[in-house]
$ cat query-v6.csv   # CSV, C-alpha atoms and all ligand atoms
chain,number,residue,atom,x,y,z
A,16,MET,CA,394.3,12.2,-64.9
A,17,LYS,CA,394.9,10.0,-61.9
A,18,TYR,CA,392.2,11.9,-60.0
A,19,LEU,CA,389.8,11.6,-62.9
A,20,CYS,CA,390.4,7.8,-63.1
A,21,ARG,CA,389.7,7.4,-59.3
A,22,SER,CA,386.5,9.4,-59.5
A,23,PHE,CA,385.3,7.3,-62.4
A,24,ILE,CA,386.1,4.1,-60.5
A,25,ARG,CA,384.3,5.4,-57.4
A,26,PHE,CA,381.3,6.4,-59.5
A,27,PHE,CA,381.3,3.1,-61.3
A,28,ASN,CA,381.4,1.2,-58.0
A,29,LEU,CA,378.6,3.3,-56.6
A,30,SER,CA,376.3,2.8,-59.5
A,31,ARG,CA,377.1,-0.9,-59.5
A,32,LYS,CA,376.2,-1.0,-55.8
A,33,MET,CA,372.9,0.7,-56.6
A,34,GLU,CA,372.1,-2.1,-59.1
A,35,HIS,CA,372.0,-4.6,-56.2
A,36,PRO,CA,368.4,-5.1,-55.3
A,37,GLU,CA,369.1,-5.4,-51.6
A,38,ASN,CA,370.4,-1.8,-51.8
A,39,ASP,CA,367.2,-0.6,-53.2
A,40,PRO,CA,365.2,1.1,-50.4
A,41,ARG,CA,362.0,-0.2,-51.9
A,42,TYR,CA,363.2,-3.7,-51.4
A,43,ASN,CA,361.7,-5.2,-48.3
A,44,GLY,CA,362.2,-9.0,-48.6
A,45,LEU,CA,360.6,-11.8,-50.4
A,46,LYS,CA,356.9,-11.8,-50.5
A,47,VAL,CA,355.4,-14.8,-48.9
A,48,ASN,CA,351.8,-15.8,-49.3
A,49,LYS,CA,349.7,-15.4,-46.2
A,50,GLY,CA,349.4,-18.6,-44.2
A,51,ILE,CA,352.7,-20.1,-45.4
A,52,ALA,CA,355.6,-20.1,-43.0
A,53,GLN,CA,358.4,-17.5,-43.8
A,54,PRO,CA,361.4,-19.3,-45.5
A,55,PRO,CA,364.7,-19.2,-43.5
A,56,SER,CA,366.4,-17.2,-46.2
A,57,VAL,CA,365.4,-14.7,-48.9
A,58,ASN,CA,366.9,-14.1,-52.2
A,59,PRO,CA,367.2,-10.4,-53.1
A,60,TYR,CA,367.9,-11.2,-56.7
A,61,LEU,CA,364.6,-12.7,-57.3
A,62,LYS,CA,362.3,-10.5,-59.3
A,63,ARG,CA,359.1,-9.7,-57.4
A,64,ARG,CA,356.1,-11.4,-58.8
A,65,PRO,CA,352.7,-9.7,-58.9
A,66,LYS,CA,350.5,-10.9,-56.0
A,67,GLN,CA,348.8,-14.1,-57.0
A,68,THR,CA,345.0,-13.8,-57.0
A,69,LEU,CA,343.0,-16.9,-56.1
A,70,ARG,CA,341.4,-18.7,-59.0
A,71,SER,CA,337.9,-20.2,-58.8
A,72,VAL,CA,337.6,-23.8,-57.7
A,73,GLU,CA,336.5,-24.7,-61.2
A,74,GLU,CA,339.6,-23.2,-62.7
A,75,TYR,CA,341.8,-25.1,-60.3
A,76,VAL,CA,340.0,-28.4,-61.0
A,77,LYS,CA,340.0,-27.8,-64.8
A,78,GLY,CA,343.7,-27.0,-64.7
A,79,ILE,CA,344.6,-30.0,-62.6
A,80,LEU,CA,342.6,-32.4,-64.7
A,81,SER,CA,344.3,-31.1,-67.8
A,82,GLY,CA,347.7,-31.8,-66.2
A,83,ASP,CA,348.7,-28.2,-65.9
A,84,ARG,CA,351.7,-28.3,-63.5
A,85,VAL,CA,351.5,-24.6,-62.6
A,86,ILE,CA,347.9,-24.8,-61.5
A,87,LEU,CA,348.6,-28.1,-59.7
A,88,SER,CA,351.4,-26.4,-57.8
A,89,GLN,CA,349.2,-23.4,-56.9
A,90,ALA,CA,346.5,-25.8,-55.7
A,91,VAL,CA,349.0,-27.7,-53.5
A,92,THR,CA,350.0,-24.3,-52.0
A,93,LEU,CA,346.4,-23.8,-51.1
A,94,VAL,CA,346.3,-27.2,-49.5
A,95,GLU,CA,349.4,-26.3,-47.5
A,96,SER,CA,348.1,-22.9,-46.3
A,97,SER,CA,346.5,-22.6,-42.9
A,98,LEU,CA,344.3,-19.6,-43.9
A,99,PRO,CA,340.6,-20.6,-43.5
A,100,GLU,CA,339.7,-19.2,-47.0
A,101,HIS,CA,342.5,-21.1,-48.6
A,102,GLN,CA,341.6,-24.3,-46.7
A,103,GLU,CA,338.0,-24.0,-47.8
A,104,ARG,CA,338.9,-23.7,-51.4
A,105,ALA,CA,341.5,-26.4,-51.1
A,106,GLN,CA,338.9,-28.8,-49.7
A,107,ALA,CA,336.4,-28.0,-52.5
A,108,ILE,CA,339.2,-28.7,-55.0
A,109,ILE,CA,340.1,-32.0,-53.4
A,110,GLU,CA,336.5,-33.1,-53.2
A,111,GLN,CA,336.1,-32.5,-57.0
A,112,CYS,CA,339.4,-34.2,-57.8
A,113,LEU,CA,338.7,-37.3,-55.7
A,114,PRO,CA,336.8,-39.2,-58.4
A,115,TYR,CA,339.8,-38.9,-60.7
A,116,SER,CA,342.4,-40.0,-58.1
A,117,GLY,CA,343.5,-43.4,-56.8
A,118,ASN,CA,344.9,-44.6,-60.1
A,119,SER,CA,348.6,-44.7,-59.2
A,120,ILE,CA,351.2,-46.7,-57.5
A,121,ARG,CA,352.3,-44.9,-54.3
A,122,VAL,CA,355.7,-45.7,-53.0
A,123,GLY,CA,357.1,-44.5,-49.7
A,124,ILE,CA,360.9,-44.1,-49.5
A,125,THR,CA,362.8,-43.7,-46.3
A,126,GLY,CA,366.4,-43.9,-45.1
A,127,VAL,CA,368.8,-42.0,-43.0
A,128,PRO,CA,370.3,-38.7,-44.4
A,129,GLY,CA,373.2,-39.6,-46.8
A,130,CYS,CA,371.9,-43.1,-47.7
A,131,GLY,CA,371.2,-41.8,-51.2
A,132,LYS,CA,367.5,-41.0,-51.3
A,133,SER,CA,367.7,-38.1,-53.7
A,134,THR,CA,370.2,-39.8,-55.9
A,135,SER,CA,368.0,-43.0,-56.0
A,136,ILE,CA,364.8,-41.1,-56.5
A,137,ASP,CA,366.5,-39.4,-59.5
A,138,SER,CA,367.4,-42.8,-60.9
A,139,PHE,CA,364.2,-44.5,-60.1
A,140,GLY,CA,362.2,-41.6,-61.4
A,141,MET,CA,364.1,-41.5,-64.7
A,142,TYR,CA,363.6,-45.2,-65.1
A,143,LEU,CA,359.9,-44.7,-64.8
A,144,LEU,CA,359.8,-41.7,-67.1
A,145,GLU,CA,361.7,-43.5,-69.8
A,146,ARG,CA,358.9,-46.1,-69.7
A,147,GLY,CA,356.3,-43.4,-70.4
A,148,HIS,CA,355.1,-42.9,-66.8
A,149,LYS,CA,354.4,-39.6,-65.0
A,150,LEU,CA,355.9,-39.2,-61.5
A,151,ALA,CA,355.2,-36.9,-58.6
A,152,VAL,CA,357.6,-36.7,-55.7
A,153,LEU,CA,356.3,-35.4,-52.4
A,154,ALA,CA,358.1,-35.3,-49.1
A,155,ILE,CA,357.4,-35.3,-45.4
A,156,ASP,CA,360.3,-33.7,-43.5
A,157,PRO,CA,359.9,-34.0,-39.7
A,158,SER,CA,362.9,-31.7,-39.1
A,159,SER,CA,360.9,-28.7,-40.3
A,160,GLU,CA,358.5,-29.1,-37.4
A,161,ARG,CA,360.9,-28.1,-34.7
A,162,SER,CA,363.8,-26.3,-36.2
A,163,ARG,CA,362.1,-24.9,-39.3
A,164,GLY,CA,365.3,-26.2,-40.9
A,165,SER,CA,365.0,-28.9,-43.5
A,166,ILE,CA,366.9,-32.2,-44.0
A,167,LEU,CA,365.2,-32.9,-47.3
A,168,GLY,CA,365.0,-29.5,-48.9
A,169,ASP,CA,368.1,-27.5,-48.7
A,170,LYS,CA,370.3,-28.8,-51.5
A,171,THR,CA,369.6,-29.1,-55.1
A,172,ARG,CA,368.1,-32.5,-55.3
A,173,MET,CA,367.0,-34.8,-58.1
A,174,GLU,CA,368.9,-32.9,-60.7
A,175,LYS,CA,367.7,-34.8,-63.8
A,176,LEU,CA,364.2,-35.4,-62.6
A,177,SER,CA,363.7,-31.7,-61.8
A,178,MET,CA,364.2,-30.9,-65.5
A,179,GLU,CA,361.6,-33.3,-66.7
A,180,GLU,CA,358.2,-32.3,-68.0
A,181,ASN,CA,356.6,-35.5,-66.7
A,182,ALA,CA,357.9,-35.1,-63.1
A,183,PHE,CA,356.4,-33.0,-60.4
A,184,ILE,CA,358.6,-32.4,-57.4
A,185,ARG,CA,357.3,-30.8,-54.3
A,186,PRO,CA,359.3,-30.3,-51.0
A,187,SER,CA,357.7,-31.0,-47.7
A,188,PRO,CA,355.1,-28.6,-46.3
A,189,SER,CA,357.0,-26.9,-43.6
A,190,ALA,CA,354.6,-25.4,-41.1
A,191,GLY,CA,352.7,-27.3,-38.4
A,192,SER,CA,352.8,-30.5,-36.5
A,193,LEU,CA,354.0,-33.7,-38.1
A,194,GLY,CA,350.4,-34.9,-38.3
A,195,GLY,CA,349.3,-31.7,-40.0
A,196,VAL,CA,352.2,-31.8,-42.5
A,197,ALA,CA,351.4,-35.4,-43.3
A,198,ARG,CA,347.7,-34.7,-43.8
A,199,LYS,CA,348.7,-32.0,-46.3
A,200,THR,CA,350.9,-34.4,-48.2
A,201,ARG,CA,348.1,-37.0,-48.2
A,202,GLU,CA,345.7,-34.4,-49.7
A,203,SER,CA,348.3,-33.4,-52.3
A,204,ILE,CA,348.5,-37.0,-53.4
A,205,VAL,CA,344.8,-36.7,-54.5
A,206,LEU,CA,345.6,-33.6,-56.6
A,207,CYS,CA,348.7,-35.2,-58.2
A,208,GLU,CA,346.8,-38.3,-59.2
A,209,ALA,CA,344.0,-36.3,-60.7
A,210,ALA,CA,346.6,-34.4,-62.7
A,211,GLY,CA,347.6,-37.7,-64.3
A,212,PHE,CA,350.7,-38.7,-62.3
A,213,ASN,CA,350.5,-42.5,-62.1
A,214,TYR,CA,353.5,-43.0,-59.9
A,215,LEU,CA,353.9,-41.2,-56.6
A,216,PHE,CA,356.9,-41.2,-54.3
A,217,VAL,CA,356.6,-39.9,-50.7
A,218,GLU,CA,360.0,-39.4,-49.3
A,219,THR,CA,360.9,-39.1,-45.6
A,220,VAL,CA,364.0,-39.2,-43.4
A,221,GLY,CA,364.6,-42.3,-41.4
A,222,VAL,CA,364.9,-40.5,-38.1
A,223,GLY,CA,361.6,-40.5,-36.4
A,224,GLN,CA,357.8,-40.9,-36.5
A,225,SER,CA,357.4,-39.7,-40.0
A,226,GLU,CA,357.7,-43.2,-41.3
A,227,THR,CA,354.4,-44.2,-39.7
A,228,ALA,CA,352.7,-41.2,-41.4
A,229,VAL,CA,354.2,-42.2,-44.8
A,230,HIS,CA,353.4,-45.8,-44.3
A,231,SER,CA,349.8,-44.8,-43.8
A,232,MET,CA,349.5,-43.3,-47.3
A,233,VAL,CA,351.5,-45.6,-49.6
A,234,ASP,CA,351.1,-49.0,-51.2
A,235,PHE,CA,354.8,-50.0,-51.0
A,236,PHE,CA,357.2,-48.9,-48.3
A,237,LEU,CA,360.9,-49.0,-49.4
A,238,LEU,CA,363.7,-48.7,-46.9
A,239,ILE,CA,367.1,-47.7,-48.2
A,240,GLN,CA,370.0,-49.0,-46.2
A,241,LEU,CA,373.8,-48.6,-46.4
A,242,ALA,CA,376.2,-51.5,-45.9
A,243,GLY,CA,379.6,-51.4,-44.3
A,244,THR,CA,378.9,-49.7,-41.1
A,245,GLY,CA,379.1,-53.0,-39.3
A,246,ASP,CA,375.8,-52.4,-37.5
A,247,GLU,CA,373.3,-52.9,-40.3
A,248,LEU,CA,370.8,-54.3,-37.9
A,249,GLN,CA,371.2,-52.1,-34.9
A,250,GLY,CA,370.8,-49.1,-37.1
A,251,ILE,CA,367.3,-49.9,-38.0
A,252,LYS,CA,364.5,-49.3,-35.6
A,253,ARG,CA,362.4,-52.4,-35.2
A,254,GLY,CA,359.2,-50.6,-36.1
A,255,ILE,CA,360.6,-49.4,-39.4
A,256,MET,CA,361.9,-52.8,-40.4
A,257,GLU,CA,358.4,-54.2,-39.8
A,258,MET,CA,356.8,-51.6,-42.0
A,259,ALA,CA,359.2,-52.2,-45.0
A,260,ASP,CA,357.9,-54.2,-47.9
A,261,GLY,CA,361.3,-54.1,-49.4
A,262,ILE,CA,364.8,-53.2,-48.1
A,263,VAL,CA,367.3,-52.1,-50.6
A,264,ILE,CA,371.0,-51.6,-49.9
A,265,ASN,CA,372.4,-48.7,-51.8
A,266,LYS,CA,375.9,-47.9,-53.0
A,267,ALA,CA,376.5,-51.5,-54.1
A,268,ASP,CA,379.3,-50.4,-56.4
A,269,GLY,CA,383.1,-50.4,-56.5
A,270,ASP,CA,384.8,-51.7,-53.3
A,271,ASN,CA,381.5,-51.7,-51.6
A,272,ILE,CA,379.9,-54.7,-53.5
A,273,ASP,CA,381.1,-57.4,-51.1
A,274,LYS,CA,380.0,-55.5,-48.0
A,275,ALA,CA,376.6,-54.8,-49.6
A,276,ASN,CA,376.1,-58.5,-50.4
A,277,MET,CA,377.0,-59.4,-46.8
A,278,ALA,CA,374.6,-56.9,-45.4
A,279,ARG,CA,371.9,-58.3,-47.7
A,280,ARG,CA,372.5,-61.8,-46.3
A,281,GLN,CA,372.3,-60.5,-42.7
A,282,LEU,CA,369.1,-58.6,-43.4
A,283,ARG,CA,367.5,-61.6,-45.1
A,284,ASN,CA,368.3,-63.8,-42.1
A,285,ALA,CA,367.0,-61.2,-39.7
A,286,LEU,CA,363.8,-60.8,-41.6
A,287,HIS,CA,363.1,-64.6,-41.2
A,288,LEU,CA,362.7,-63.9,-37.5
A,289,TYR,CA,359.8,-61.5,-38.1
A,290,PRO,CA,356.2,-62.8,-38.4
A,291,LEU,CA,354.7,-62.7,-41.9
A,292,PRO,CA,353.1,-59.2,-42.4
A,293,GLU,CA,349.3,-58.9,-43.0
A,294,SER,CA,349.9,-58.5,-46.7
A,295,GLY,CA,351.1,-62.1,-46.8
A,296,TRP,CA,354.2,-60.8,-48.7
A,297,SER,CA,357.7,-61.6,-47.3
A,298,PRO,CA,359.8,-58.4,-47.6
A,299,GLU,CA,362.7,-58.8,-50.0
A,300,VAL,CA,366.2,-57.5,-49.7
A,301,LEU,CA,368.2,-56.3,-52.7
A,302,THR,CA,371.4,-54.4,-53.4
A,303,TYR,CA,371.7,-51.7,-56.0
A,304,SER,CA,373.5,-48.5,-56.9
A,305,GLY,CA,371.5,-45.4,-57.3
A,306,TYR,CA,374.4,-43.4,-58.5
A,307,TYR,CA,375.8,-45.9,-61.1
A,308,LYS,CA,372.2,-47.1,-61.9
A,309,ILE,CA,373.0,-50.7,-61.2
A,310,GLY,CA,370.1,-52.9,-60.2
A,311,ILE,CA,367.4,-50.3,-60.7
A,312,ALA,CA,365.2,-52.5,-62.9
A,313,GLU,CA,365.4,-55.3,-60.2
A,314,VAL,CA,364.1,-52.9,-57.6
A,315,TRP,CA,361.1,-52.0,-59.8
A,316,GLU,CA,360.5,-55.6,-60.7
A,317,MET,CA,360.3,-56.3,-56.9
A,318,ILE,CA,357.8,-53.4,-56.4
A,319,HIS,CA,355.6,-54.5,-59.3
A,320,ARG,CA,355.8,-58.1,-58.1
A,321,TYR,CA,354.5,-56.9,-54.7
A,322,ILE,CA,351.7,-54.8,-56.3
A,323,ASP,CA,350.5,-57.8,-58.4
A,324,PHE,CA,350.6,-60.0,-55.4
A,325,VAL,CA,348.6,-57.7,-53.1
A,326,LYS,CA,346.1,-56.8,-55.8
A,327,GLN,CA,345.4,-60.5,-56.3
A,328,ASN,CA,345.0,-61.3,-52.7
A,329,GLY,CA,342.8,-58.3,-52.0
A,330,TYR,CA,345.2,-56.6,-49.6
A,331,PHE,CA,345.8,-53.6,-51.9
A,332,ASP,CA,342.2,-52.4,-51.8
A,333,ARG,CA,341.8,-53.3,-48.1
A,334,LYS,CA,344.9,-51.3,-47.2
A,335,ARG,CA,343.7,-48.3,-49.1
A,336,LYS,CA,340.3,-48.4,-47.4
A,337,GLU,CA,342.0,-48.7,-44.0
A,338,GLN,CA,344.2,-45.7,-44.9
A,339,ALA,CA,341.2,-43.6,-46.0
A,340,LYS,CA,339.6,-44.4,-42.6
A,341,TYR,CA,342.8,-43.6,-40.8
A,342,TRP,CA,343.0,-40.1,-42.5
A,343,MET,CA,339.4,-39.4,-41.7
A,344,PHE,CA,340.2,-39.8,-38.0
A,345,GLU,CA,343.5,-38.0,-38.3
A,346,SER,CA,341.7,-35.0,-39.9
A,347,ILE,CA,339.1,-35.0,-37.1
A,348,ASN,CA,341.8,-35.1,-34.5
A,349,GLU,CA,343.7,-32.3,-36.1
A,350,GLN,CA,340.7,-30.1,-36.5
A,351,LEU,CA,339.6,-30.6,-32.9
A,352,ARG,CA,343.0,-29.8,-31.7
A,353,ASN,CA,343.4,-26.8,-33.8
A,354,GLY,CA,339.9,-25.5,-32.9
A,355,PHE,CA,340.8,-25.9,-29.2
A,356,TYR,CA,344.3,-24.5,-29.1
A,357,ARG,CA,343.7,-21.6,-31.6
A,358,ASP,CA,340.7,-20.3,-29.6
A,359,PRO,CA,342.1,-17.0,-28.0
A,360,GLU,CA,339.9,-17.4,-24.8
A,361,ILE,CA,341.1,-21.0,-24.3
A,362,ALA,CA,344.7,-19.9,-24.9
A,363,GLN,CA,344.3,-17.4,-22.0
A,364,LEU,CA,342.6,-19.9,-19.8
A,365,LEU,CA,345.4,-22.4,-20.4
A,366,VAL,CA,348.0,-20.0,-19.3
A,367,ARG,CA,346.2,-19.6,-16.0
A,368,LEU,CA,345.5,-23.4,-15.6
A,369,GLU,CA,349.1,-24.2,-16.4
A,370,GLU,CA,350.3,-21.9,-13.6
A,371,GLU,CA,347.9,-23.5,-11.1
A,372,VAL,CA,349.1,-27.0,-12.0
A,373,LEU,CA,352.8,-25.9,-11.7
A,374,GLN,CA,352.0,-24.5,-8.2
A,375,ASP,CA,350.3,-27.7,-7.2
A,376,ARG,CA,347.0,-25.9,-6.7
A,377,LYS,CA,345.2,-28.1,-9.2
A,378,SER,CA,345.8,-31.6,-10.6
A,379,SER,CA,346.6,-32.0,-14.3
A,380,PHE,CA,343.3,-33.8,-14.8
A,381,THR,CA,341.1,-31.2,-13.2
A,382,ALA,CA,342.8,-28.5,-15.2
A,383,ALA,CA,342.3,-30.4,-18.4
A,384,ARG,CA,338.7,-31.1,-17.6
A,385,GLU,CA,338.1,-27.4,-16.8
A,386,ALA,CA,339.7,-26.3,-20.1
A,387,LEU,CA,337.7,-28.8,-22.1
A,388,GLU,CA,334.4,-27.9,-20.3
A,389,ALA,CA,335.1,-24.2,-21.0
A,390,TYR,CA,335.6,-25.0,-24.7
A,391,TYR,CA,332.4,-27.2,-25.0
A,392,ARG,CA,330.4,-24.5,-23.2
A,393,LYS,CA,331.5,-22.0,-25.9
A,394,LYS,CA,330.6,-24.4,-28.7
A,395,ARG,CA,327.1,-25.1,-27.4
A,401,LIG,P1,370.1,-38.4,-49.1
A,401,LIG,O1,370.6,-37.5,-48.0
A,401,LIG,O2,369.6,-39.6,-48.6
A,401,LIG,O3,369.2,-37.7,-50.1
A,401,LIG,O4,371.5,-38.8,-50.0
A,401,LIG,P2,372.1,-38.2,-51.3
A,401,LIG,O5,371.3,-38.8,-52.5
A,401,LIG,O6,372.2,-36.8,-51.2
A,401,LIG,O7,373.5,-38.9,-51.4
A,401,LIG,C1,374.4,-38.7,-50.4
A,401,LIG,C2,375.8,-39.0,-50.9
A,401,LIG,O8,375.9,-40.3,-51.3
A,401,LIG,C3,376.1,-38.1,-52.2
A,401,LIG,O9,377.4,-37.7,-52.1
A,401,LIG,C4,375.9,-39.1,-53.3
A,401,LIG,O10,376.7,-38.8,-54.5
A,401,LIG,C5,376.3,-40.4,-52.7
A,401,LIG,N1,375.6,-41.6,-53.3
A,401,LIG,C6,374.3,-41.7,-53.5
A,401,LIG,N2,374.0,-42.8,-54.1
A,401,LIG,C7,375.2,-43.5,-54.3
A,401,LIG,C8,375.6,-44.7,-54.9
A,401,LIG,O11,374.8,-45.5,-55.4
A,401,LIG,N3,376.9,-45.0,-54.9
A,401,LIG,C9,377.8,-44.2,-54.4
A,401,LIG,N4,379.1,-44.6,-54.5
A,401,LIG,N5,377.5,-43.0,-53.9
A,401,LIG,C10,376.2,-42.7,-53.8

$ encode --input "query-v6.csv" --output "structure tokens" --more "lines below"
Ligand code: GDP
Amino acid sequence: MKYLCRSFIRFFNLSRKMEHPENDPRYNGLKVNKGIAQPPSVNPYLKRRPKQTLRSVEEYVKGILSGDRVILSQAVTLVESSLPEHQERAQAIIEQCLPYSGNSIRVGITGVPGCGKSTSIDSFGMYLLERGHKLAVLAIDPSSERSRGSILGDKTRMEKLSMEENAFIRPSPSAGSLGGVARKTRESIVLCEAAGFNYLFVETVGVGQSETAVHSMVDFFLLIQLAGTGDELQGIKRGIMEMADGIVINKADGDNIDKANMARRQLRNALHLYPLPESGWSPEVLTYSGYYKIGIAEVWEMIHRYIDFVKQNGYFDRKRKEQAKYWMFESINEQLRNGFYRDPEIAQLLVRLEEEVLQDRKSSFTAAREALEAYYRKKR
């Protein structure tokens, strides 16, 4: 009897083990579309989906214009892909969506990890949705460039918002240079707007150059700060402070309220020392609590006050035009760079030239000129 029981348990365990997809010899990892970087982990419990076939440009455009989030998401994947055939289709989709875009308020949100960006975006987003708006949240994560890790994408973020029909949340494109990642986000904005999302958040982490990229694609730039560290001012890089149209001090709740108010006073005083920005708007400083939803309406009143102000004085349109010009040149720069560095012959030549420079046989400038001349000769 004992023997029978043991055999049964062994058999039961074995068959249970076989149920695990990772034990299935046919299982060979998560399928990742060509041209998209391999994610850092794979989930063996995910059911395999049939390979996605590309739709026609018309189908994508029709789907996007009718507000279909699945098709929008697929089109954004094309935008993010570096495969030439995907890129070609993506550009055609963007071109056709362009006349339907532009009709939104674009808000950039930045702050150091832990300052409460996701909690705040959840609360800000729900505030907008409750007022009948549609919100898309995009991100630019500079950490993905070097480490392929992600500061913005790992945890479950924006829990309430992610369940909402009228919200579209997309993590940062992960592959490529910061400029490339930012361009993809800029293009995705066009698609989201064409799909009817009239508010757009572009989130980034307050640790590097990504703020400049976000600033060049939004109408309002919001900096989230924390109080109570004693070094409110030292913690903010001057450049970021200058970009901000509004600074909001989060976690103004419980024991933290006094500290938050003090930080607000300090920041307001510090801002007086800065020259008035081109917009003519003096950046405001507010306190709020994203978690307890205190002061959310005031933050939005500030943003809308700003939008009204810059629409009236013409800065809103001027800035958008400047941004369009900026992205034209960014795209040219990126494509020139990609064309050059991805050329296999040039790649080989660069290895040789690099060696010559390292051995002091050639100056950096001569080597650069030779490489560029070789490229131009090929292009002629
Ligand atoms: P992120 O890294 O900037 O996205 O920050 P998170 O939104 O993940 O928040 C980091 C931590 O701060 C979490 O534990 C949140 O619960 C907490 N937090 C966020 N907002 C508030 C707030 O308004 N008040 C308090 N007390 N805690 C908050």

$ closest_atom_pairs --input "query-v6.csv" --of "chain A" --to "ligand LIG 401 (chain A)" --cutoff "7 Å" --atoms "all atoms listed in the file" --output "CSV"
residue,atom,partner,partner_atom,distance
A:Gly126,CA,A:LIG401,O2,6.4
A:Val127,CA,A:LIG401,O2,6.1
A:Pro128,CA,A:LIG401,O1,3.8
A:Gly129,CA,A:LIG401,O1,3.6
A:Cys130,CA,A:LIG401,O2,4.3
A:Gly131,CA,A:LIG401,O4,3.2
A:Lys132,CA,A:LIG401,O2,3.7
A:Ser133,CA,A:LIG401,O5,3.9
A:Thr134,CA,A:LIG401,O5,3.7
A:Ser135,CA,A:LIG401,N2,6.3
A:Leu167,CA,A:LIG401,O3,6.8
A:Asn265,CA,A:LIG401,O11,5.4
A:Lys266,CA,A:LIG401,O11,3.6
A:Ala267,CA,A:LIG401,O11,6.4
A:Asp268,CA,A:LIG401,N3,6.1
A:Tyr303,CA,A:LIG401,O11,7.0
A:Ser304,CA,A:LIG401,O11,3.6
A:Gly305,CA,A:LIG401,O11,3.8
A:Tyr306,CA,A:LIG401,O11,3.8
A:Tyr307,CA,A:LIG401,O11,5.8

$ residues_around --input "query-v6.csv" --residues "range 233-237 of chain A" --least-positions-apart "3" --cutoff "9 Å" --atoms "only C-alpha atoms" --output "short mmCIF file (atom, residue, chain, number, x, y, z; two decimals) with C-alpha atoms, keeping the file's coordinate frame"
data_model
loop_
_atom_site.label_atom_id
_atom_site.label_comp_id
_atom_site.auth_asym_id
_atom_site.auth_seq_id
_atom_site.Cartn_x
_atom_site.Cartn_y
_atom_site.Cartn_z
CA ILE A 120 351.20 -46.70 -57.50
CA ARG A 121 352.30 -44.90 -54.30
CA VAL A 122 355.70 -45.70 -53.00
CA GLY A 123 357.10 -44.50 -49.70
CA ILE A 124 360.90 -44.10 -49.50
CA THR A 125 362.80 -43.70 -46.30
CA GLY A 126 366.40 -43.90 -45.10
CA LEU A 215 353.90 -41.20 -56.60
CA PHE A 216 356.90 -41.20 -54.30
CA VAL A 217 356.60 -39.90 -50.70
CA VAL A 229 354.20 -42.20 -44.80
CA HIS A 230 353.40 -45.80 -44.30
CA MET A 258 356.80 -51.60 -42.00
CA ALA A 259 359.20 -52.20 -45.00
CA ASP A 260 357.90 -54.20 -47.90
CA GLY A 261 361.30 -54.10 -49.40
CA ILE A 262 364.80 -53.20 -48.10
CA VAL A 263 367.30 -52.10 -50.60
CA ILE A 318 357.80 -53.40 -56.40
CA TYR A 321 354.50 -56.90 -54.70
CA ILE A 322 351.70 -54.80 -56.30
CA PHE A 331 345.80 -53.60 -51.90
CA LYS A 334 344.90 -51.30 -47.20
CA ARG A 335 343.70 -48.30 -49.10
CA GLN A 338 344.20 -45.70 -44.90
#

$ atom_distance --input "query-v6.csv" --atom1 "CA of Ser138 in chain A" --atom2 "CA of Gly269 in chain A"
18.0 Å

$ closest_residue --input "query-v6.csv" --among "A:His148, A:Leu93, A:Ser88, A:Ser231" --to "Pro186 in chain A" --atoms "all atoms listed in the file"
A:Ser88

$ atom_distance --input "query-v6.csv" --atom1 "CA of Ser192 in chain A" --atom2 "CA of Arg70 in chain A"
27.8 Å

$ atom_distance --input "query-v6.csv" --atom1 "CA of Leu143 in chain A" --atom2 "CA of Glu316 in chain A"
11.7 Å

$ closest_residue --input "query-v6.csv" --among "A:Ser97, A:Arg333, A:Lys199, A:Gln327" --to "Arg357 in chain A" --atoms "only C-alpha atoms"
A:Ser97

$ closest_residue --input "query-v6.csv" --among "A:Phe344, A:Glu313, A:Ser294, A:Leu364" --to "Glu388 in chain A" --atoms "only C-alpha atoms"
A:Leu364

$ closest_residue --input "query-v6.csv" --among "A:Leu69, A:Leu193, A:Val300, A:Met232" --to "Glu337 in chain A" --atoms "all atoms listed in the file"
A:Met232

$ closest_residue --input "query-v6.csv" --among "A:Asp323, A:Glu293, A:Ala182, A:Ile272" --to "Ile309 in chain A" --atoms "all atoms listed in the file"
A:Ile272

$ closest_residue --input "query-v6.csv" --among "A:Met178, A:Thr219, A:Phe139, A:Arg367" --to "Val314 in chain A" --atoms "all atoms listed in the file"
A:Phe139
